[in-house]
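Text of protein_33.txt (compact mmCIF, C-alpha atoms) as supplied:
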# COMPACT_ATOMS: atom_id res chain seq x y z
CA MET W 1 -25.36 24.69 21.67
CA LYS W 2 -23.81 28.01 20.85
CA SER W 3 -20.11 28.13 20.14
CA ALA W 4 -18.01 29.86 22.80
CA VAL W 5 -15.71 31.34 20.16
CA GLU W 6 -16.68 34.75 18.80
CA PRO W 7 -17.35 34.60 15.05
CA GLU W 8 -14.52 37.03 14.27
CA ASN W 9 -12.12 34.70 16.11
CA ASP W 10 -13.38 31.49 14.58
CA PRO W 11 -10.44 30.16 12.55
CA ARG W 12 -12.73 28.71 9.85
CA ILE W 13 -14.51 32.01 9.35
CA VAL W 14 -11.28 33.99 9.46
CA ALA W 15 -9.74 31.66 6.88
CA ALA W 16 -12.79 31.95 4.62
CA ILE W 17 -12.73 35.76 4.79
CA ASP W 18 -9.01 35.87 4.13
CA ALA W 19 -9.38 33.52 1.15
CA ALA W 20 -12.18 35.62 -0.34
CA LEU W 21 -10.29 38.87 0.12
CA SER W 22 -7.06 37.49 -1.26
CA SER W 23 -8.94 36.20 -4.31
CA VAL W 24 -9.71 39.85 -5.04
CA GLY W 25 -6.50 41.40 -3.83
CA ALA W 26 -4.25 38.99 -5.68
CA ALA W 27 -6.26 38.84 -8.91
CA GLU W 28 -4.04 38.63 -11.95
CA PRO W 29 -4.91 40.62 -15.04
CA ALA W 30 -4.97 38.95 -18.43
CA SER W 31 -1.52 38.86 -19.93
CA GLY W 32 -0.44 41.85 -21.97
CA LEU W 33 -2.29 44.43 -19.90
CA GLN W 34 0.60 46.88 -20.02
CA GLY W 35 0.88 46.55 -23.78
CA ARG W 36 -2.81 47.20 -24.25
CA ILE W 37 -2.68 50.25 -22.00
CA LEU W 38 0.32 51.66 -23.87
CA MET W 39 -1.40 51.03 -27.21
CA ARG W 40 -4.47 52.90 -26.06
CA LEU W 41 -2.34 55.73 -24.72
CA ALA W 42 -0.55 55.96 -28.06
CA ALA W 43 -3.86 56.12 -29.92
CA GLU W 44 -5.13 58.79 -27.55
CA ARG W 45 -1.94 60.81 -27.90
CA MET W 46 -2.22 60.74 -31.69
CA LYS W 47 -5.84 61.86 -31.44
CA MET W 48 -4.83 64.70 -29.13
CA ASP W 49 -2.05 65.78 -31.47
CA ALA W 50 -4.34 65.64 -34.51
CA ALA W 51 -7.14 67.66 -32.90
CA PRO W 52 -6.88 71.42 -33.61
CA ALA W 53 -6.60 73.70 -30.63
CA ARG W 54 -9.95 75.18 -29.72
CA PHE W 55 -8.50 78.49 -28.52
CA PRO W 56 -5.22 78.96 -30.35
CA LEU W 57 -4.76 82.45 -28.87
CA PHE W 58 -5.12 81.18 -25.36
CA GLY W 59 -3.60 78.33 -23.44
CA ARG W 60 -0.25 77.29 -22.15
CA SER W 61 1.56 77.50 -25.45
CA SER W 62 0.49 81.06 -26.22
CA GLY W 63 1.36 82.43 -22.80
CA VAL W 64 -2.14 83.89 -22.32
CA PRO W 65 -3.87 81.88 -19.62
CA VAL W 66 -7.39 80.67 -20.30
CA ARG W 67 -8.48 82.23 -17.00
CA ALA W 68 -7.70 85.66 -18.44
CA LEU W 69 -10.41 85.04 -21.01
CA GLY W 70 -12.92 84.35 -18.26
CA VAL W 71 -11.95 87.43 -16.24
CA LEU W 72 -12.08 89.62 -19.34
CA THR W 73 -15.55 88.31 -20.23
CA CYS W 74 -16.82 88.94 -16.70
CA CYS W 75 -15.46 92.52 -16.69
CA LEU W 76 -17.02 93.22 -20.07
CA LEU W 77 -20.37 91.83 -18.97
CA ALA W 78 -20.32 93.86 -15.75
CA PHE W 79 -19.52 97.03 -17.73
CA VAL W 80 -22.38 96.41 -20.16
CA ILE W 81 -24.84 95.85 -17.31
CA VAL W 82 -23.79 98.98 -15.39
CA ALA W 83 -23.67 101.18 -18.50
CA GLY W 84 -27.07 99.94 -19.65
CA SER W 85 -28.59 100.57 -16.24
CA VAL W 86 -27.22 104.12 -16.02
CA SER W 87 -28.29 104.93 -19.56
CA HIS W 88 -31.79 103.60 -18.92
CA SER W 89 -32.24 105.69 -15.76
CA ARG W 90 -31.20 108.85 -17.64
CA HIS W 91 -33.70 108.31 -20.40
CA ILE W 92 -36.91 108.11 -18.35
CA LYS W 93 -39.55 110.12 -20.08
CA ALA W 94 -41.14 113.08 -18.37
CA GLY W 95 -44.60 111.52 -18.55
CA GLN W 96 -43.39 108.44 -16.74
CA ALA W 97 -41.97 110.41 -13.84
CA VAL W 98 -43.86 110.17 -10.58
CA ALA W 99 -45.65 113.43 -9.73
CA PRO W 100 -44.55 114.98 -6.45
CA PRO W 101 -47.18 115.21 -3.69
CA VAL W 102 -49.38 118.24 -3.93
CA LEU W 103 -48.61 120.80 -1.24
CA VAL W 104 -50.79 123.90 -1.03
CA LEU W 105 -49.10 126.59 1.00
CA PRO W 106 -51.52 128.77 2.93
CA ALA W 107 -51.53 132.53 2.78
CA GLN W 108 -50.95 132.64 6.55
CA GLY W 109 -49.01 130.34 8.78
CA ILE W 110 -45.46 129.19 8.88
CA GLY W 111 -44.03 127.11 6.11
CA ALA W 112 -45.00 123.63 5.21
CA ALA W 113 -46.16 122.68 8.71
CA SER W 114 -49.36 124.58 8.24
CA ALA W 115 -49.77 123.65 4.62
CA VAL W 116 -52.83 121.83 3.42
CA HIS W 117 -52.09 118.24 2.63
CA PRO W 118 -54.81 117.03 0.27
CA ALA W 119 -55.61 113.39 0.90
CA ALA W 120 -55.16 110.75 -1.75
CA PRO W 121 -58.30 109.95 -3.71
CA ALA W 122 -60.61 107.69 -1.81
CA THR W 123 -61.25 104.20 -3.05
CA ALA W 124 -63.73 101.55 -2.14
CA PRO W 125 -62.77 99.77 1.07
CA LEU W 126 -61.75 96.15 0.91
CA PRO W 127 -64.38 93.63 1.88
CA ALA W 128 -64.31 92.48 5.47
CA GLY W 129 -62.69 89.22 6.39
CA GLN W 130 -59.37 87.66 5.44
CA GLY W 131 -60.92 85.27 2.95
CA ALA W 132 -62.92 87.94 1.16
CA ARG W 133 -59.77 90.00 0.70
CA GLY W 134 -58.12 87.08 -0.94
CA ARG W 135 -56.11 86.31 2.16
CA SER W 136 -56.38 83.60 4.68
CA VAL W 137 -54.38 82.30 7.57
CA HIS W 138 -52.83 78.89 7.46
CA ARG W 139 -53.22 76.71 10.50
CA THR W 140 -49.54 77.28 11.24
CA GLY W 141 -50.31 80.96 11.69
CA ARG W 142 -48.64 82.12 8.47
CA ALA W 143 -50.64 84.41 6.21
CA ARG W 144 -51.54 83.07 2.78
CA ILE W 145 -52.30 85.29 -0.16
CA ALA W 146 -54.42 83.85 -2.90
CA PRO W 147 -52.90 84.06 -6.36
CA HIS W 148 -55.86 86.12 -7.71
CA ALA W 149 -55.70 88.66 -4.88
CA ARG W 150 -55.04 92.20 -6.09
CA LYS W 151 -54.21 95.18 -4.02
CA ALA W 152 -56.57 98.07 -4.58
CA PRO W 153 -54.99 101.28 -5.84
CA GLY W 154 -54.78 104.27 -3.58
CA VAL W 155 -55.65 104.44 0.10
CA ALA W 156 -58.67 102.65 1.46
CA VAL W 157 -61.06 104.82 3.42
CA PRO W 158 -63.60 103.09 5.65
CA ALA W 159 -67.19 103.70 4.72
CA PRO W 160 -69.16 105.72 7.25
CA SER W 161 -70.94 103.28 9.50
CA SER W 162 -74.54 103.67 10.59
CA ASN W 163 -73.48 103.94 14.30
CA ASN W 164 -71.38 107.01 13.58
CA SER W 165 -74.18 108.70 11.72
CA GLN W 166 -76.57 108.09 14.62
CA ASN W 167 -74.08 109.58 17.10
CA MET P 1 9.25 46.01 -19.39
CA SER P 2 9.40 43.87 -22.48
CA CYS P 3 11.01 44.94 -25.76
CA PHE P 4 7.57 45.37 -27.33
CA GLU P 5 6.40 47.60 -24.50
CA GLY P 6 9.62 49.58 -24.68
CA GLN P 7 8.92 50.27 -28.35
CA LEU P 8 5.38 51.26 -27.52
CA ALA P 9 6.63 53.60 -24.83
CA GLY P 10 8.82 55.20 -27.49
CA TRP P 11 5.80 55.47 -29.74
CA VAL P 12 3.85 57.15 -26.98
CA ALA P 13 6.57 59.80 -26.83
CA PRO P 14 5.34 62.87 -28.67
CA VAL P 15 7.15 65.08 -31.14
CA HIS P 16 7.68 67.88 -28.63
CA PRO P 17 10.96 67.27 -26.84
CA THR P 18 9.69 68.94 -23.67
CA THR P 19 7.13 66.17 -23.08
CA VAL P 20 9.36 63.20 -23.83
CA SER P 21 10.14 62.79 -20.16
CA GLU P 22 6.44 62.97 -19.30
CA ALA P 23 5.67 60.18 -21.77
CA GLN P 24 8.46 58.13 -20.29
CA THR P 25 7.10 58.80 -16.83
CA ILE P 26 3.67 57.58 -17.91
CA ALA P 27 5.16 54.44 -19.45
CA GLY P 28 7.00 53.87 -16.19
CA LEU P 29 3.79 54.32 -14.21
CA VAL P 30 2.04 51.79 -16.43
CA ALA P 31 4.81 49.27 -15.87
CA GLU P 32 4.91 49.80 -12.13
CA TYR P 33 1.31 50.26 -11.10
CA SER P 34 -0.99 48.70 -13.68
CA THR P 35 -1.32 45.39 -11.81
CA ALA P 36 -1.99 47.06 -8.47
CA LEU P 37 -4.56 49.33 -10.07
CA TYR P 38 -6.17 46.35 -11.76
CA ARG P 39 -6.56 44.69 -8.36
CA VAL P 40 -8.07 47.83 -6.86
CA ALA P 41 -10.55 48.03 -9.73
CA PHE P 42 -11.27 44.31 -9.61
CA SER P 43 -12.05 44.49 -5.89
CA VAL P 44 -15.06 46.66 -6.77
CA THR P 45 -16.12 45.44 -10.20
CA ARG P 46 -15.28 41.72 -9.78
CA ASN P 47 -15.21 41.67 -13.52
CA PRO P 48 -11.86 41.39 -15.36
CA ALA P 49 -12.95 43.33 -18.44
CA GLU P 50 -14.44 46.20 -16.44
CA ALA P 51 -11.41 46.28 -14.18
CA GLU P 52 -9.10 46.53 -17.18
CA ASP P 53 -11.27 49.27 -18.69
CA ALA P 54 -11.00 51.21 -15.44
CA VAL P 55 -7.20 50.89 -15.43
CA GLN P 56 -7.01 52.08 -19.03
CA GLU P 57 -9.30 55.00 -18.23
CA THR P 58 -7.04 55.87 -15.30
CA PHE P 59 -3.99 56.15 -17.51
CA LEU P 60 -5.93 58.13 -20.10
CA ARG P 61 -6.72 60.66 -17.40
CA VAL P 62 -3.06 60.70 -16.46
CA LEU P 63 -2.20 61.41 -20.09
CA ARG P 64 -4.68 64.28 -20.23
CA HIS P 65 -3.11 65.81 -17.12
CA GLU P 66 0.48 64.93 -17.90
CA SER P 67 1.58 68.52 -17.37
CA ARG P 68 0.78 68.11 -13.68
CA LEU P 69 2.84 64.96 -13.24
CA GLY P 70 5.66 66.95 -11.68
CA GLU P 71 3.37 68.16 -8.91
CA ILE P 72 2.40 64.67 -7.74
CA ARG P 73 4.14 63.59 -4.56
CA ASP P 74 2.94 59.99 -4.32
CA TYR P 75 2.05 58.41 -7.65
CA ARG P 76 0.67 55.24 -6.15
CA VAL P 77 -1.86 57.03 -3.93
CA TRP P 78 -2.76 59.43 -6.74
CA LEU P 79 -3.39 56.60 -9.19
CA VAL P 80 -5.30 54.53 -6.65
CA ARG P 81 -7.53 57.51 -5.97
CA ILE P 82 -8.20 57.98 -9.68
CA VAL P 83 -9.02 54.34 -10.36
CA TRP P 84 -11.09 54.16 -7.18
CA ASN P 85 -13.18 57.13 -8.24
CA ILE P 86 -13.60 55.68 -11.72
CA VAL P 87 -14.85 52.31 -10.52
CA LEU P 88 -17.14 53.82 -7.90
CA ASP P 89 -18.54 56.20 -10.50
CA LYS P 90 -19.16 53.35 -12.93
CA LYS P 91 -20.80 51.31 -10.24
CA ARG P 92 -22.98 54.22 -9.20
CA ARG P 93 -24.05 54.74 -12.79
CA ALA P 94 -24.75 51.06 -13.29
CA LYS P 95 -26.74 51.11 -10.03
CA THR P 96 -26.15 47.43 -9.66
CA ARG P 97 -24.00 45.20 -7.64
CA PRO P 98 -21.74 42.88 -9.60
CA GLU P 99 -24.57 40.39 -9.90
CA GLY P 100 -23.89 39.80 -13.55
CA GLU P 101 -20.47 38.49 -12.76
CA ASP P 102 -19.47 35.42 -14.60
CA LEU P 103 -18.04 32.75 -12.36
CA ALA P 104 -15.88 31.55 -15.23
CA ASP P 105 -14.38 35.02 -15.41
CA HIS P 106 -13.95 35.02 -11.69
CA ALA P 107 -12.17 31.68 -11.73
CA ARG P 108 -10.01 32.88 -14.62
CA ALA P 109 -8.92 35.84 -12.58
CA LEU P 110 -7.77 33.67 -9.69
CA PRO P 111 -4.06 33.02 -9.41
CA SER P 112 -3.29 29.70 -11.02
CA GLY P 113 -2.32 27.00 -8.54
CA ASP P 114 -1.87 23.30 -8.47
CA ARG P 115 -5.42 22.65 -7.25
CA PRO P 116 -7.84 20.70 -9.42
CA ALA P 117 -10.27 22.74 -11.53
CA ASP P 118 -13.43 21.66 -9.66
CA ALA P 119 -11.91 22.63 -6.33
CA SER P 120 -11.00 26.01 -7.78
CA VAL P 121 -14.54 26.57 -9.03
CA ILE P 122 -16.08 25.59 -5.67
CA SER P 123 -13.64 27.85 -3.90
CA SER P 124 -14.44 30.62 -6.36
CA GLN P 125 -18.16 30.25 -5.69
CA GLU P 126 -17.55 30.37 -1.96
CA ASN P 127 -15.39 33.47 -2.34
CA ALA P 128 -18.07 35.10 -4.48
CA ARG P 129 -20.62 34.41 -1.75
CA ILE P 130 -18.39 36.02 0.89
CA LEU P 131 -17.72 38.98 -1.38
CA ALA P 132 -21.47 39.39 -1.81
CA LEU P 133 -21.62 39.67 1.98
CA VAL P 134 -18.86 42.30 1.81
CA ASP P 135 -21.16 44.29 -0.48
CA ARG P 136 -23.74 44.36 2.29
CA LEU P 137 -21.37 46.15 4.69
CA PRO P 138 -21.64 49.93 5.19
CA ALA P 139 -19.78 51.87 2.49
CA ARG P 140 -16.91 53.10 4.65
CA GLU P 141 -16.17 49.67 6.10
CA ARG P 142 -16.58 48.04 2.69
CA GLU P 143 -14.15 50.41 1.02
CA ALA P 144 -11.55 49.95 3.73
CA ILE P 145 -11.70 46.16 3.72
CA LEU P 146 -11.61 45.93 -0.08
CA LEU P 147 -8.59 48.20 -0.37
CA SER P 148 -6.87 46.38 2.48
CA ALA P 149 -7.19 43.21 0.43
CA VAL P 150 -4.97 44.66 -2.30
CA GLU P 151 -1.52 43.33 -1.54
CA GLU P 152 0.40 46.35 -2.73
CA LEU P 153 -1.35 48.90 -0.54
CA THR P 154 -0.28 49.77 2.98
CA THR P 155 -2.66 51.16 5.59
CA ALA P 156 -1.08 54.60 5.18
CA GLU P 157 -1.69 54.51 1.43
CA ILE P 158 -5.29 53.38 1.90
CA ALA P 159 -5.79 56.21 4.37
CA ALA P 160 -4.31 58.71 1.92
CA ALA P 161 -6.42 57.38 -0.94
CA LEU P 162 -9.63 57.58 1.09
CA GLY P 163 -8.69 60.90 2.66
CA THR P 164 -8.66 59.77 6.27
CA THR P 165 -6.28 58.66 8.99
CA GLU P 166 -4.53 55.34 9.44
CA SER P 167 -6.23 54.71 12.78
CA SER P 168 -9.61 55.29 11.17
CA ILE P 169 -8.77 52.78 8.45
CA ARG P 170 -7.67 50.22 11.02
CA SER P 171 -10.86 50.57 13.01
CA ARG P 172 -12.97 50.38 9.84
CA ILE P 173 -11.22 47.18 8.80
CA PHE P 174 -11.71 45.74 12.29
CA ARG P 175 -15.41 46.59 12.28
CA ALA P 176 -15.80 45.26 8.75
CA ARG P 177 -14.22 41.92 9.58
CA LYS P 178 -16.27 41.60 12.74
CA GLU P 179 -19.52 42.31 10.94
CA LEU P 180 -18.55 40.07 8.05
CA ALA P 181 -17.82 37.23 10.45
CA LEU P 182 -21.23 37.70 12.06
CA LEU P 183 -22.94 37.66 8.66
CA LEU P 184 -20.98 34.61 7.65
CA GLU P 185 -21.90 32.80 10.83
CA LYS P 186 -25.58 33.63 10.25
CA GLU P 187 -25.43 32.43 6.67
CA GLY P 188 -23.32 29.42 7.59
CA ILE P 189 -20.02 28.47 5.99
CA PRO P 190 -19.47 25.09 4.34
CA ARG P 191 -17.09 22.73 6.03
For this file, produce the structure as structure tokens.
Amino acid sequence: MKSAVEPENDPRIVAAIDAALSSVGAAEPASGLQGRILMRLAAERMKMDAAPARFPLFGRSSGVPVRALGVLTCCLLAFVIVAGSVSHSRHIKAGQAVAPPVLVLPAQGIGAASAVHPAAPATAPLPAGQGARGRSVHRTGRARIAPHARKAPGVAVPAPSSNNSQN
Amino acid sequence: MSCFEGQLAGWVAPVHPTTVSEAQTIAGLVAEYSTALYRVAFSVTRNPAEAEDAVQETFLRVLRHESRLGEIRDYRVWLVRIVWNIVLDKKRRAKTRPEGEDLADHARALPSGDRPADASVISSQENARILALVDRLPAREREAILLSAVEELTTAEIAAALGTTESSIRSRIFRARKELALLLEKEGIPR
């Protein structure tokens, strides 16, 4: 037969829980705990006093906060990065510069609108099909590019099909 | 504080006159809170040596941050938080419950009474069994009930140490006791 008293109200259970908790909460340390702690603190203090300061120029005693060192380092690093970047962009060789698009102005006509725009050199078209081009579609619908896939240089021009030639 | 500890406190005092008061403050903290901190640590470790190590580590951290002592509003809560973090960190690193606890150690840690030794040992075993059930409680409830067991701590201090409200602590303790009672009823308690 089940007891009518809820377990948390059962005096035996409550007493057992209280006894277990008080065995932890009222635990007595071994005698001389304070003395041992103070001894260890004394040893640690002597070690701290004996150790040389790692940054004698910085720290509380010198008046220069350690954070200043960090800020200074960050500023210096930022300056080096910016200066290096600017210097690099100014030293690009002429041969490395990208050639501007060729624009042949006609003898007649108005300005660049009627200019001849030569097309980019034709390249072989990519093979048909996603898989053949090194691409495929995942079942989730997201495109996947194979690691070996390489984009062909220039602009792809479709090969003339046989239907067009017949027409 | 005994004469010996007073001398030690003087020894702790450094050469710099500006930190003499800080050293005295630390010695005062040791005298006032070391037992309470030991109990907090013991509630988690259930091992006297580990609990004492945790208390010593707590005061070493205090020593390393002695310049900030003036900023502390409530030393008791601050120290409890430090020792609590230390013991939880140790326990996390050990990745084990206090299964290796020695019952002899446990019995030694109990307050001495006028009960016979065998009764004390049986009681100690029973307490250890209940505390093992405490370890099966959810972390938040377990922490609240263990800290509530420490005599020196009020609900407000437990709430401050765990970074929550008093009402939350009360409800956690209530839930913990209820669940513990259910577990104990399932397991059966000796008459």
Exercise for the section: Define the interface residues of chain W facing chain P as those within 6 Å, counting only C-alpha atoms, and report them as an MDAnalysis selection string. Expected result: chainID W and resid 7:8 20:22 24:25 27:28 35 37 42
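Interatomic distance, CA of Cys74 in chain W to CA of His91 in chain W: 26.0 Å.
The interatomic distance for the pair CA of Ala94 in chain P and CA of Asp135 in chain P works out to 14.9 Å.
The coordinates place CA of Ala139 in chain P at 20.0 Å from CA of Ala54 in chain P.
Distances here use only C-alpha atoms; by that measure, the residue among P:Ala161, P:Ile122, P:Leu37, P:Val87 closest to Leu33 in chain W is P:Leu37.
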